[in-house]
>>> print(open('my_file_15.pdb').read())   # PDB, C-alpha atoms
MODEL        1
ATOM      1  CA  MET A 824     -23.272 -12.150 -52.092  1.00  0.00           C
ATOM      2  CA  SER A 825     -20.864 -14.988 -51.333  1.00  0.00           C
ATOM      3  CA  VAL A 826     -21.691 -18.348 -52.873  1.00  0.00           C
ATOM      4  CA  ASP A 827     -21.565 -19.812 -49.355  1.00  0.00           C
ATOM      5  CA  ALA A 828     -24.142 -17.421 -47.953  1.00  0.00           C
ATOM      6  CA  VAL A 829     -27.631 -18.679 -47.154  1.00  0.00           C
ATOM      7  CA  PRO A 830     -30.364 -16.596 -48.819  1.00  0.00           C
ATOM      8  CA  GLY A 831     -32.255 -14.424 -46.378  1.00  0.00           C
ATOM      9  CA  GLU A 832     -29.756 -14.854 -43.572  1.00  0.00           C
ATOM     10  CA  SER A 833     -27.880 -11.776 -42.451  1.00  0.00           C
ATOM     11  CA  ALA A 834     -24.171 -11.920 -41.590  1.00  0.00           C
ATOM     12  CA  ALA A 835     -24.729  -9.672 -38.558  1.00  0.00           C
ATOM     13  CA  PRO A 836     -25.586 -12.468 -36.100  1.00  0.00           C
ATOM     14  CA  THR A 837     -22.287 -14.156 -36.954  1.00  0.00           C
ATOM     15  CA  HIS A 838     -20.375 -11.015 -36.023  1.00  0.00           C
ATOM     16  CA  ASP A 839     -22.441 -10.624 -32.874  1.00  0.00           C
ATOM     17  CA  ARG A 840     -21.637 -14.179 -31.849  1.00  0.00           C
ATOM     18  CA  ALA A 841     -17.941 -13.590 -32.527  1.00  0.00           C
ATOM     19  CA  ASP A 842     -18.009 -10.375 -30.485  1.00  0.00           C
ATOM     20  CA  ARG A 843     -19.804 -12.093 -27.602  1.00  0.00           C
ATOM     21  CA  SER A 844     -17.352 -14.994 -27.771  1.00  0.00           C
ATOM     22  CA  HIS A 845     -14.387 -12.599 -27.671  1.00  0.00           C
ATOM     23  CA  HIS A 846     -15.868 -10.660 -24.781  1.00  0.00           C
ATOM     24  CA  HIS A 847     -16.660 -13.866 -22.879  1.00  0.00           C
ATOM     25  CA  SER A 848     -13.097 -15.123 -23.409  1.00  0.00           C
ATOM     26  CA  TRP A 849     -11.629 -11.797 -22.270  1.00  0.00           C
ATOM     27  CA  VAL A 850     -13.647 -11.743 -19.046  1.00  0.00           C
ATOM     28  CA  LYS A 851     -12.751 -15.359 -18.230  1.00  0.00           C
ATOM     29  CA  ALA A 852      -9.060 -14.832 -18.914  1.00  0.00           C
ATOM     30  CA  THR A 853      -6.816 -17.871 -19.002  1.00  0.00           C
ATOM     31  CA  TRP A 854      -5.189 -18.781 -15.695  1.00  0.00           C
ATOM     32  CA  PRO A 855      -1.601 -17.555 -16.206  1.00  0.00           C
ATOM     33  CA  VAL A 856       0.189 -20.485 -14.539  1.00  0.00           C
ATOM     34  CA  ASP A 857       0.211 -23.947 -16.082  1.00  0.00           C
ATOM     35  CA  ARG A 858       1.664 -27.205 -14.763  1.00  0.00           C
ATOM     36  CA  ARG A 859       5.085 -26.583 -16.231  1.00  0.00           C
ATOM     37  CA  GLN A 860       5.247 -23.188 -14.550  1.00  0.00           C
ATOM     38  CA  TRP A 861       4.112 -24.653 -11.219  1.00  0.00           C
ATOM     39  CA  LEU A 862       7.025 -27.078 -11.460  1.00  0.00           C
ATOM     40  CA  GLN A 863       9.442 -24.276 -12.331  1.00  0.00           C
ATOM     41  CA  LEU A 864       8.317 -22.232  -9.339  1.00  0.00           C
ATOM     42  CA  ALA A 865       8.628 -25.229  -7.011  1.00  0.00           C
ATOM     43  CA  ILE A 866      12.142 -26.049  -8.220  1.00  0.00           C
ATOM     44  CA  ALA A 867      13.184 -22.396  -7.973  1.00  0.00           C
ATOM     45  CA  MET A 868      11.805 -22.186  -4.437  1.00  0.00           C
ATOM     46  CA  ILE A 869      13.736 -25.273  -3.314  1.00  0.00           C
ATOM     47  CA  ALA A 870      16.904 -23.918  -4.923  1.00  0.00           C
ATOM     48  CA  ALA A 871      16.444 -20.506  -3.275  1.00  0.00           C
ATOM     49  CA  VAL A 872      15.996 -22.132   0.145  1.00  0.00           C
ATOM     50  CA  GLY A 873      19.168 -24.161  -0.370  1.00  0.00           C
ATOM     51  CA  VAL A 874      21.293 -21.218  -1.489  1.00  0.00           C
ATOM     52  CA  PHE A 875      20.118 -18.741   1.145  1.00  0.00           C
ATOM     53  CA  ALA A 876      20.334 -21.313   3.944  1.00  0.00           C
ATOM     54  CA  ALA A 877      23.847 -22.368   2.906  1.00  0.00           C
ATOM     55  CA  ILE A 878      25.058 -18.773   2.792  1.00  0.00           C
ATOM     56  CA  GLY A 879      23.470 -18.009   6.138  1.00  0.00           C
ATOM     57  CA  LEU A 880      24.966 -21.049   7.883  1.00  0.00           C
ATOM     58  CA  LEU A 881      28.414 -20.404   6.458  1.00  0.00           C
ATOM     59  CA  MET A 882      28.427 -16.702   7.290  1.00  0.00           C
ATOM     60  CA  THR A 883      26.834 -16.758  10.723  1.00  0.00           C
ATOM     61  CA  ASP A 884      27.896 -20.146  12.079  1.00  0.00           C
ATOM     62  CA  LEU A 885      30.521 -22.269  10.355  1.00  0.00           C
ATOM     63  CA  LEU A 886      32.835 -19.398   9.363  1.00  0.00           C
ATOM     64  CA  ALA A 887      31.982 -17.003  12.205  1.00  0.00           C
ATOM     65  CA  PRO A 888      33.434 -14.761  13.458  1.00  0.00           C
ATOM     66  CA  ASN A 889      34.551 -13.136  10.220  1.00  0.00           C
ATOM     67  CA  PRO A 890      34.803  -9.616   8.753  1.00  0.00           C
ATOM     68  CA  ILE A 891      31.086  -9.611   7.908  1.00  0.00           C
ATOM     69  CA  THR A 892      29.930 -10.536  11.414  1.00  0.00           C
ATOM     70  CA  ARG A 893      32.362  -8.049  12.969  1.00  0.00           C
ATOM     71  CA  LEU A 894      30.976  -5.296  10.730  1.00  0.00           C
ATOM     72  CA  ASP A 895      27.460  -6.382  11.691  1.00  0.00           C
ATOM     73  CA  ASP A 896      28.238  -5.970  15.390  1.00  0.00           C
ATOM     74  CA  ASN A 897      29.879  -2.592  14.824  1.00  0.00           C
ATOM     75  CA  VAL A 898      26.912  -1.200  12.867  1.00  0.00           C
ATOM     76  CA  ALA A 899      24.386  -2.483  15.430  1.00  0.00           C
ATOM     77  CA  ASN A 900      26.210  -0.851  18.342  1.00  0.00           C
ATOM     78  CA  ARG A 901      26.675   2.458  16.512  1.00  0.00           C
ATOM     79  CA  LEU A 902      22.975   2.721  15.726  1.00  0.00           C
ATOM     80  CA  VAL A 903      22.065   2.075  19.373  1.00  0.00           C
ATOM     81  CA  SER A 904      24.376   4.863  20.511  1.00  0.00           C
ATOM     82  CA  GLY A 905      22.609   7.333  18.220  1.00  0.00           C
ATOM     83  CA  ARG A 906      19.019   6.654  19.301  1.00  0.00           C
ATOM     84  CA  THR A 907      16.600   9.455  20.142  1.00  0.00           C
ATOM     85  CA  ALA A 908      12.909   9.504  21.010  1.00  0.00           C
ATOM     86  CA  ALA A 909      12.024  11.048  17.627  1.00  0.00           C
ATOM     87  CA  LYS A 910      14.005   8.407  15.731  1.00  0.00           C
ATOM     88  CA  ASP A 911      12.370   5.681  17.811  1.00  0.00           C
ATOM     89  CA  ASP A 912       8.946   6.843  16.623  1.00  0.00           C
ATOM     90  CA  LEU A 913      10.069   7.083  12.996  1.00  0.00           C
ATOM     91  CA  ALA A 914      11.546   3.590  13.141  1.00  0.00           C
ATOM     92  CA  HIS A 915       8.287   2.209  14.506  1.00  0.00           C
ATOM     93  CA  TRP A 916       6.300   3.534  11.555  1.00  0.00           C
ATOM     94  CA  GLY A 917       9.011   2.626   9.063  1.00  0.00           C
ATOM     95  CA  ALA A 918       8.972  -1.014  10.150  1.00  0.00           C
ATOM     96  CA  PHE A 919       5.168  -1.004  10.271  1.00  0.00           C
ATOM     97  CA  MET A 920       4.989  -0.480   6.494  1.00  0.00           C
ATOM     98  CA  ALA A 921       6.330  -4.001   5.928  1.00  0.00           C
ATOM     99  CA  SER A 922       4.707  -5.777   8.859  1.00  0.00           C
ATOM    100  CA  THR A 923       2.795  -8.976   8.144  1.00  0.00           C
ATOM    101  CA  GLU A 924      -0.606  -7.335   8.601  1.00  0.00           C
ATOM    102  CA  VAL A 925       0.195  -4.394   6.340  1.00  0.00           C
ATOM    103  CA  LYS A 926       1.782  -6.390   3.529  1.00  0.00           C
ATOM    104  CA  VAL A 927      -1.143  -8.849   3.427  1.00  0.00           C
ATOM    105  CA  VAL A 928      -3.785  -6.099   3.481  1.00  0.00           C
ATOM    106  CA  VAL A 929      -1.994  -3.873   0.954  1.00  0.00           C
ATOM    107  CA  THR A 930      -1.277  -6.750  -1.416  1.00  0.00           C
ATOM    108  CA  SER A 931      -4.868  -8.032  -1.160  1.00  0.00           C
ATOM    109  CA  LEU A 932      -6.377  -4.610  -1.856  1.00  0.00           C
ATOM    110  CA  LEU A 933      -4.113  -3.969  -4.820  1.00  0.00           C
ATOM    111  CA  ALA A 934      -4.730  -7.486  -6.142  1.00  0.00           C
ATOM    112  CA  VAL A 935      -8.468  -6.808  -6.131  1.00  0.00           C
ATOM    113  CA  ALA A 936      -7.913  -3.376  -7.700  1.00  0.00           C
ATOM    114  CA  VAL A 937      -5.923  -4.730 -10.647  1.00  0.00           C
ATOM    115  CA  MET A 938      -8.440  -7.528 -11.123  1.00  0.00           C
ATOM    116  CA  VAL A 939     -11.248  -4.980 -11.395  1.00  0.00           C
ATOM    117  CA  ALA A 940      -9.168  -2.700 -13.624  1.00  0.00           C
ATOM    118  CA  TRP A 941      -8.108  -5.314 -16.194  1.00  0.00           C
ATOM    119  CA  ARG A 942     -10.617  -8.115 -15.539  1.00  0.00           C
ATOM    120  CA  ARG A 943      -8.035 -10.874 -15.739  1.00  0.00           C
ATOM    121  CA  TRP A 944      -5.949 -12.995 -13.408  1.00  0.00           C
ATOM    122  CA  HIS A 945      -2.453 -12.140 -14.561  1.00  0.00           C
ATOM    123  CA  GLU A 946      -1.550  -9.097 -12.443  1.00  0.00           C
ATOM    124  CA  THR A 947      -3.292 -10.508  -9.372  1.00  0.00           C
ATOM    125  CA  VAL A 948      -1.476 -13.838  -9.650  1.00  0.00           C
ATOM    126  CA  PHE A 949       1.865 -12.093 -10.158  1.00  0.00           C
ATOM    127  CA  LEU A 950       1.371 -10.002  -7.007  1.00  0.00           C
ATOM    128  CA  ALA A 951       0.255 -12.950  -4.907  1.00  0.00           C
ATOM    129  CA  PHE A 952       2.865 -15.425  -6.106  1.00  0.00           C
ATOM    130  CA  THR A 953       5.738 -12.995  -5.579  1.00  0.00           C
ATOM    131  CA  LEU A 954       4.706 -12.424  -1.962  1.00  0.00           C
ATOM    132  CA  ILE A 955       4.074 -16.150  -1.357  1.00  0.00           C
ATOM    133  CA  PHE A 956       7.421 -17.123  -2.880  1.00  0.00           C
ATOM    134  CA  GLU A 957       9.321 -14.629  -0.723  1.00  0.00           C
ATOM    135  CA  ALA A 958       7.454 -15.480   2.476  1.00  0.00           C
ATOM    136  CA  THR A 959       7.858 -19.245   2.023  1.00  0.00           C
ATOM    137  CA  VAL A 960      11.600 -19.054   1.380  1.00  0.00           C
ATOM    138  CA  PHE A 961      12.025 -16.651   4.312  1.00  0.00           C
ATOM    139  CA  ILE A 962      10.161 -18.888   6.783  1.00  0.00           C
ATOM    140  CA  VAL A 963      12.126 -22.010   5.842  1.00  0.00           C
ATOM    141  CA  VAL A 964      15.530 -20.302   5.718  1.00  0.00           C
ATOM    142  CA  THR A 965      15.133 -18.421   8.989  1.00  0.00           C
ATOM    143  CA  SER A 966      14.130 -21.688  10.680  1.00  0.00           C
ATOM    144  CA  ILE A 967      17.171 -23.514   9.313  1.00  0.00           C
ATOM    145  CA  VAL A 968      19.765 -20.832  10.050  1.00  0.00           C
ATOM    146  CA  GLY A 969      18.416 -19.666  13.405  1.00  0.00           C
ATOM    147  CA  ARG A 970      20.774 -16.700  13.737  1.00  0.00           C
ATOM    148  CA  PRO A 971      20.316 -14.809  17.042  1.00  0.00           C
ATOM    149  CA  ARG A 972      19.244 -11.199  16.739  1.00  0.00           C
ATOM    150  CA  PRO A 973      21.777  -8.447  17.579  1.00  0.00           C
ATOM    151  CA  ASP A 974      22.876  -8.423  21.227  1.00  0.00           C
ATOM    152  CA  VAL A 975      21.647  -4.868  21.789  1.00  0.00           C
ATOM    153  CA  PRO A 976      18.527  -3.376  23.408  1.00  0.00           C
ATOM    154  CA  ARG A 977      15.734  -4.011  20.887  1.00  0.00           C
ATOM    155  CA  LEU A 978      12.839  -1.636  20.354  1.00  0.00           C
ATOM    156  CA  GLU A 979      10.356  -4.240  19.146  1.00  0.00           C
ATOM    157  CA  ASP A 980       9.244  -7.730  20.096  1.00  0.00           C
ATOM    158  CA  SER A 981       8.863 -10.490  17.535  1.00  0.00           C
ATOM    159  CA  PRO A 982       7.556 -14.062  17.674  1.00  0.00           C
ATOM    160  CA  VAL A 983      10.396 -14.998  15.311  1.00  0.00           C
ATOM    161  CA  ASN A 984      13.720 -15.098  17.154  1.00  0.00           C
ATOM    162  CA  SER A 985      15.881 -15.730  14.090  1.00  0.00           C
ATOM    163  CA  SER A 986      17.550 -12.707  12.519  1.00  0.00           C
ATOM    164  CA  TYR A 987      18.608 -13.967   9.072  1.00  0.00           C
ATOM    165  CA  PRO A 988      17.312 -12.909   6.625  1.00  0.00           C
ATOM    166  CA  SER A 989      15.141  -9.870   7.351  1.00  0.00           C
ATOM    167  CA  GLY A 990      11.541 -10.754   6.521  1.00  0.00           C
ATOM    168  CA  HIS A 991      10.409  -7.116   6.752  1.00  0.00           C
ATOM    169  CA  VAL A 992      13.040  -6.026   4.245  1.00  0.00           C
ATOM    170  CA  ALA A 993      12.317  -8.944   1.897  1.00  0.00           C
ATOM    171  CA  ALA A 994       8.604  -8.077   2.006  1.00  0.00           C
ATOM    172  CA  ALA A 995       9.333  -4.400   1.313  1.00  0.00           C
ATOM    173  CA  THR A 996      11.486  -5.430  -1.650  1.00  0.00           C
ATOM    174  CA  VAL A 997       8.728  -7.504  -3.245  1.00  0.00           C
ATOM    175  CA  TYR A 998       6.557  -4.380  -3.166  1.00  0.00           C
ATOM    176  CA  GLY A 999       8.518  -3.851  -6.357  1.00  0.00           C
ATOM    177  CA  ALA A1000       5.922  -6.099  -8.018  1.00  0.00           C
ATOM    178  CA  PHE A1001       3.640  -3.050  -8.012  1.00  0.00           C
ATOM    179  CA  VAL A1002       6.319  -1.113  -9.909  1.00  0.00           C
ATOM    180  CA  VAL A1003       6.576  -3.910 -12.476  1.00  0.00           C
ATOM    181  CA  ILE A1004       2.814  -3.729 -13.079  1.00  0.00           C
ATOM    182  CA  VAL A1005       3.013   0.048 -13.493  1.00  0.00           C
ATOM    183  CA  PHE A1006       5.738  -0.417 -16.119  1.00  0.00           C
ATOM    184  CA  TRP A1007       3.556  -3.001 -17.890  1.00  0.00           C
ATOM    185  CA  HIS A1008       0.681  -0.583 -18.296  1.00  0.00           C
ATOM    186  CA  THR A1009       2.134   2.875 -18.859  1.00  0.00           C
ATOM    187  CA  THR A1010       5.031   4.501 -20.648  1.00  0.00           C
ATOM    188  CA  SER A1011       4.547   7.789 -18.806  1.00  0.00           C
ATOM    189  CA  ARG A1012       7.889   8.863 -17.373  1.00  0.00           C
ATOM    190  CA  TRP A1013       6.483  10.705 -14.410  1.00  0.00           C
ATOM    191  CA  ILE A1014       4.182   7.844 -13.378  1.00  0.00           C
ATOM    192  CA  ARG A1015       7.011   5.346 -13.690  1.00  0.00           C
ATOM    193  CA  SER A1016       9.381   7.652 -11.822  1.00  0.00           C
ATOM    194  CA  LEU A1017       6.809   8.197  -9.083  1.00  0.00           C
ATOM    195  CA  SER A1018       6.276   4.457  -8.623  1.00  0.00           C
ATOM    196  CA  VAL A1019      10.034   3.827  -8.424  1.00  0.00           C
ATOM    197  CA  GLY A1020      10.504   6.748  -6.040  1.00  0.00           C
ATOM    198  CA  VAL A1021       7.788   5.552  -3.655  1.00  0.00           C
ATOM    199  CA  PHE A1022       9.170   2.013  -3.753  1.00  0.00           C
ATOM    200  CA  VAL A1023      12.742   3.130  -3.005  1.00  0.00           C
ATOM    201  CA  ALA A1024      11.560   5.420  -0.191  1.00  0.00           C
ATOM    202  CA  VAL A1025       9.532   2.639   1.465  1.00  0.00           C
ATOM    203  CA  LEU A1026      12.339   0.106   1.117  1.00  0.00           C
ATOM    204  CA  GLY A1027      14.901   2.563   2.491  1.00  0.00           C
ATOM    205  CA  ALA A1028      12.676   3.379   5.453  1.00  0.00           C
ATOM    206  CA  VAL A1029      12.152  -0.292   6.288  1.00  0.00           C
ATOM    207  CA  VAL A1030      15.873  -1.097   6.000  1.00  0.00           C
ATOM    208  CA  TRP A1031      16.866   1.762   8.300  1.00  0.00           C
ATOM    209  CA  SER A1032      14.073   1.015  10.768  1.00  0.00           C
ATOM    210  CA  ARG A1033      14.931  -2.651  11.233  1.00  0.00           C
ATOM    211  CA  LEU A1034      18.612  -1.844  11.717  1.00  0.00           C
ATOM    212  CA  TYR A1035      17.874   1.043  14.065  1.00  0.00           C
ATOM    213  CA  GLN A1036      15.496  -1.037  16.185  1.00  0.00           C
ATOM    214  CA  GLY A1037      18.205  -3.645  16.755  1.00  0.00           C
ATOM    215  CA  MET A1038      16.094  -6.323  15.080  1.00  0.00           C
ATOM    216  CA  HIS A1039      18.596  -7.242  12.357  1.00  0.00           C
ATOM    217  CA  PHE A1040      22.237  -7.082  11.402  1.00  0.00           C
ATOM    218  CA  LEU A1041      23.384  -5.287   8.263  1.00  0.00           C
ATOM    219  CA  SER A1042      23.990  -8.607   6.479  1.00  0.00           C
ATOM    220  CA  ASP A1043      20.421  -9.688   7.363  1.00  0.00           C
ATOM    221  CA  VAL A1044      18.844  -6.724   5.583  1.00  0.00           C
ATOM    222  CA  ILE A1045      21.140  -7.161   2.575  1.00  0.00           C
ATOM    223  CA  ALA A1046      20.061 -10.808   2.403  1.00  0.00           C
ATOM    224  CA  GLY A1047      16.434  -9.641   2.667  1.00  0.00           C
ATOM    225  CA  ILE A1048      16.864  -7.294  -0.301  1.00  0.00           C
ATOM    226  CA  VAL A1049      18.485 -10.041  -2.363  1.00  0.00           C
ATOM    227  CA  LEU A1050      15.731 -12.510  -1.413  1.00  0.00           C
ATOM    228  CA  GLY A1051      13.069 -10.007  -2.450  1.00  0.00           C
ATOM    229  CA  LEU A1052      14.783  -9.307  -5.777  1.00  0.00           C
ATOM    230  CA  VAL A1053      15.250 -13.023  -6.454  1.00  0.00           C
ATOM    231  CA  SER A1054      11.563 -13.642  -5.698  1.00  0.00           C
ATOM    232  CA  LEU A1055      10.564 -10.831  -8.052  1.00  0.00           C
ATOM    233  CA  GLY A1056      12.894 -11.985 -10.800  1.00  0.00           C
ATOM    234  CA  ILE A1057      11.853 -15.638 -10.661  1.00  0.00           C
ATOM    235  CA  CYS A1058       8.109 -14.897 -10.637  1.00  0.00           C
ATOM    236  CA  LEU A1059       8.501 -12.379 -13.456  1.00  0.00           C
ATOM    237  CA  PHE A1060      10.518 -14.870 -15.515  1.00  0.00           C
ATOM    238  CA  VAL A1061       8.155 -17.805 -14.934  1.00  0.00           C
ATOM    239  CA  ILE A1062       4.798 -15.996 -15.098  1.00  0.00           C
ATOM    240  CA  GLY A1063       5.871 -13.442 -17.694  1.00  0.00           C
ATOM    241  CA  ARG A1064       4.172 -10.350 -19.034  1.00  0.00           C
ATOM    242  CA  PRO A1065       0.397 -10.440 -19.687  1.00  0.00           C
ATOM    243  CA  ASP A1066       0.808 -10.415 -23.473  1.00  0.00           C
ATOM    244  CA  GLU A1067       3.230 -13.351 -23.246  1.00  0.00           C
ATOM    245  CA  THR A1068       0.645 -15.352 -21.303  1.00  0.00           C
ATOM    246  CA  SER A1069      -2.023 -14.579 -23.892  1.00  0.00           C
ATOM    247  CA  ALA A1070       0.295 -15.757 -26.652  1.00  0.00           C
ATOM    248  CA  ARG A1071       0.962 -19.042 -24.831  1.00  0.00           C
ATOM    249  CA  ALA A1072      -2.762 -19.573 -24.298  1.00  0.00           C
ATOM    250  CA  SER A1073      -3.546 -19.050 -27.983  1.00  0.00           C
ATOM    251  CA  ASP A1074      -0.876 -21.602 -28.950  1.00  0.00           C
ATOM    252  CA  ARG A1075      -2.512 -24.383 -26.901  1.00  0.00           C
TER     253      ARG A1075
ENDMDL
END
>>> encode(input="my_file_15.pdb", output="structure tokens")
Amino acid sequence: MSVDAVPGESAAPTHDRADRSHHHSWVKATWPVDRRQWLQLAIAMIAAVGVFAAIGLLMTDLLAPNPITRLDDNVANRLVSGRTAAKDDLAHWGAFMASTEVKVVVTSLLAVAVMVAWRRWHETVFLAFTLIFEATVFIVVTSIVGRPRPDVPRLEDSPVNSSYPSGHVAAATVYGAFVVIVFWHTTSRWIRSLSVGVFVAVLGAVVWSRLYQGMHFLSDVIAGIVLGLVSLGICLFVIGRPDETSARASDR
């Protein structure tokens, strides 16, 4: 018996208390974003708005017409000339996958699912912040640039009359946050490959659909992809992997 032990007292309750404390801490996982990270996200968001707005104004207004805008017009007119009833239907469903209603519902359901699965905030916060970052930058930039949509018959109405960048395509790109979470939690090649394949297929369908419907120029969808990737990269860098967050919490 240790010289520090109290006669007649078992060590078991100490272990039980430690186990309960560990379990309690695990259930009430540390919020993965601290003040410093909030500041980093805010600065990154302001910088992203500035860069994307500057590029959009230069390309579509101050330096227009230019080779990019001429290519945009050419692609838009070619897609209109190749429309069919079957393609119209496919484009409708392709664009629907990244509509505001779908992306909010899908992200919310998956956020709840990962919360239940791992009983911590990290994955849920990563999903939500990536979507919020992308949507906020998109709304501000599209308001600043105000690029008219292609001057072709459009197959869909939208309350937003600005074409740059493509919000649908940016939203489809940040679906990649789901792929990141899959890579965090499994090393299975086929599961990883399946997640990447589904993501690429959805993104490709949304890109084609928005171009085909006459809702965006080619440069708009490219800007949407870049915006989505930037949103993913910034949130991943700032929020980090779950184990990195745990390490930061234990250092406090």
>>> resolve_selection(input="my_file_15.pdb", expression="the PyMOL selection byres ((chain A and resi 1054) around 10)", output="JSON, numbers by chain")
{"A": [864, 867, 868, 871, 952, 953, 954, 955, 956, 957, 958, 960, 993, 994, 996, 997, 1000, 1048, 1049, 1050, 1051, 1052, 1053, 1055, 1056, 1057, 1058, 1059, 1060]}
>>> closest_residue(input="my_file_15.pdb", among="A:Pro1065, A:Gly1047, A:Gly1037, A:Gly990", to="A:His915", atoms="only C-alpha atoms")
A:Gly1037
>>> closest_residue(input="my_file_15.pdb", among="A:Arg893, A:His991, A:Arg943, A:Arg1015", to="A:Ser1042", atoms="all atoms listed in the file")
A:Arg893
>>> atom_distance(input="my_file_15.pdb", atom1="atom CA of A:Val935", atom2="atom CA of A:Val1021")
20.6 Å
>>> residues_around(input="my_file_15.pdb", residues="A:Val968", least_positions_apart="4", cutoff="7 Å", atoms="all atoms listed in the file", output="mmCIF file with C-alpha atoms, in the frame of the given file")
data_model
loop_
_atom_site.group_PDB
_atom_site.id
_atom_site.type_symbol
_atom_site.label_atom_id
_atom_site.label_comp_id
_atom_site.auth_asym_id
_atom_site.auth_seq_id
_atom_site.Cartn_x
_atom_site.Cartn_y
_atom_site.Cartn_z
ATOM 1 C CA ALA A 876 20.334 -21.313 3.944
ATOM 2 C CA GLY A 879 23.470 -18.009 6.138
ATOM 3 C CA LEU A 880 24.966 -21.049 7.883
ATOM 4 C CA VAL A 964 15.530 -20.302 5.718
#
>>> closest_residue(input="my_file_15.pdb", among="A:Pro982, A:Arg942, A:Val975, A:Ala951", to="A:Val927", atoms="only C-alpha atoms")
A:Ala951
>>> closest_residue(input="my_file_15.pdb", among="A:Leu950, A:Arg972, A:Ala918, A:Ala909", to="A:Gly1027", atoms="all atoms listed in the file")
A:Ala918
>>> closest_residue(input="my_file_15.pdb", among="A:Phe1001, A:Leu885, A:Ile878, A:Ile891", to="A:Leu932", atoms="all atoms listed in the file")
A:Phe1001
>>> atom_distance(input="my_file_15.pdb", atom1="atom CA of A:Arg858", atom2="atom CA of A:Thr959")
19.6 Å
>>> closest_residue(input="my_file_15.pdb", among="A:Leu894, A:Val937, A:Val928, A:Val1025", to="A:Phe1040", atoms="all atoms listed in the file")
A:Leu894
>>> atom_distance(input="my_file_15.pdb", atom1="atom CA of A:Val1023", atom2="atom CA of A:Leu978")
23.8 Å
>>> resolve_selection(input="my_file_15.pdb", expression="the PyMOL selection byres ((chain A and resi 1039) around 12)", output="ChimeraX atom specification")
/A:892,895-896,898-900,902,918,970-979,981,983-992,1029-1038,1040-1047
>>> write_last_selection(input="my_file_15.pdb", atoms="C-alpha atoms", output="compact mmCIF listing (two decimals), in the coordinates of the input")
# COMPACT_ATOMS: atom_id res chain seq x y z
CA THR A 892 29.93 -10.54 11.41
CA ASP A 895 27.46 -6.38 11.69
CA ASP A 896 28.24 -5.97 15.39
CA VAL A 898 26.91 -1.20 12.87
CA ALA A 899 24.39 -2.48 15.43
CA ASN A 900 26.21 -0.85 18.34
CA LEU A 902 22.98 2.72 15.73
CA ALA A 918 8.97 -1.01 10.15
CA ARG A 970 20.77 -16.70 13.74
CA PRO A 971 20.32 -14.81 17.04
CA ARG A 972 19.24 -11.20 16.74
CA PRO A 973 21.78 -8.45 17.58
CA ASP A 974 22.88 -8.42 21.23
CA VAL A 975 21.65 -4.87 21.79
CA PRO A 976 18.53 -3.38 23.41
CA ARG A 977 15.73 -4.01 20.89
CA LEU A 978 12.84 -1.64 20.35
CA GLU A 979 10.36 -4.24 19.15
CA SER A 981 8.86 -10.49 17.54
CA VAL A 983 10.40 -15.00 15.31
CA ASN A 984 13.72 -15.10 17.15
CA SER A 985 15.88 -15.73 14.09
CA SER A 986 17.55 -12.71 12.52
CA TYR A 987 18.61 -13.97 9.07
CA PRO A 988 17.31 -12.91 6.62
CA SER A 989 15.14 -9.87 7.35
CA GLY A 990 11.54 -10.75 6.52
CA HIS A 991 10.41 -7.12 6.75
CA VAL A 992 13.04 -6.03 4.24
CA VAL A 1029 12.15 -0.29 6.29
CA VAL A 1030 15.87 -1.10 6.00
CA TRP A 1031 16.87 1.76 8.30
CA SER A 1032 14.07 1.01 10.77
CA ARG A 1033 14.93 -2.65 11.23
CA LEU A 1034 18.61 -1.84 11.72
CA TYR A 1035 17.87 1.04 14.06
CA GLN A 1036 15.50 -1.04 16.18
CA GLY A 1037 18.20 -3.64 16.76
CA MET A 1038 16.09 -6.32 15.08
CA PHE A 1040 22.24 -7.08 11.40
CA LEU A 1041 23.38 -5.29 8.26
CA SER A 1042 23.99 -8.61 6.48
CA ASP A 1043 20.42 -9.69 7.36
CA VAL A 1044 18.84 -6.72 5.58
CA ILE A 1045 21.14 -7.16 2.58
CA ALA A 1046 20.06 -10.81 2.40
CA GLY A 1047 16.43 -9.64 2.67
>>> build_atoms(input="my_file_15.pdb", residues="stretch 987-994 of chain A", atoms="N, CA and C atoms", output="short mmCIF file (atom, residue, chain, number, x, y, z; two decimals), in the coordinates of the input")
data_model
loop_
_atom_site.label_atom_id
_atom_site.label_comp_id
_atom_site.auth_asym_id
_atom_site.auth_seq_id
_atom_site.Cartn_x
_atom_site.Cartn_y
_atom_site.Cartn_z
N TYR A 987 18.22 -13.88 10.49
CA TYR A 987 18.61 -13.97 9.07
C TYR A 987 17.60 -14.79 8.28
N PRO A 988 17.18 -14.28 7.12
CA PRO A 988 17.31 -12.91 6.62
C PRO A 988 16.21 -12.03 7.20
N SER A 989 16.19 -10.76 6.85
CA SER A 989 15.14 -9.87 7.35
C SER A 989 13.86 -10.06 6.54
N GLY A 990 12.82 -10.56 7.20
CA GLY A 990 11.54 -10.75 6.52
C GLY A 990 10.87 -9.45 6.16
N HIS A 991 10.99 -8.44 7.05
CA HIS A 991 10.41 -7.12 6.75
C HIS A 991 11.04 -6.53 5.48
N VAL A 992 12.35 -6.61 5.40
CA VAL A 992 13.04 -6.03 4.24
C VAL A 992 12.73 -6.82 2.97
N ALA A 993 12.67 -8.13 3.07
CA ALA A 993 12.32 -8.94 1.90
C ALA A 993 10.91 -8.60 1.42
N ALA A 994 9.98 -8.43 2.37
CA ALA A 994 8.60 -8.08 2.01
C ALA A 994 8.55 -6.70 1.36
#
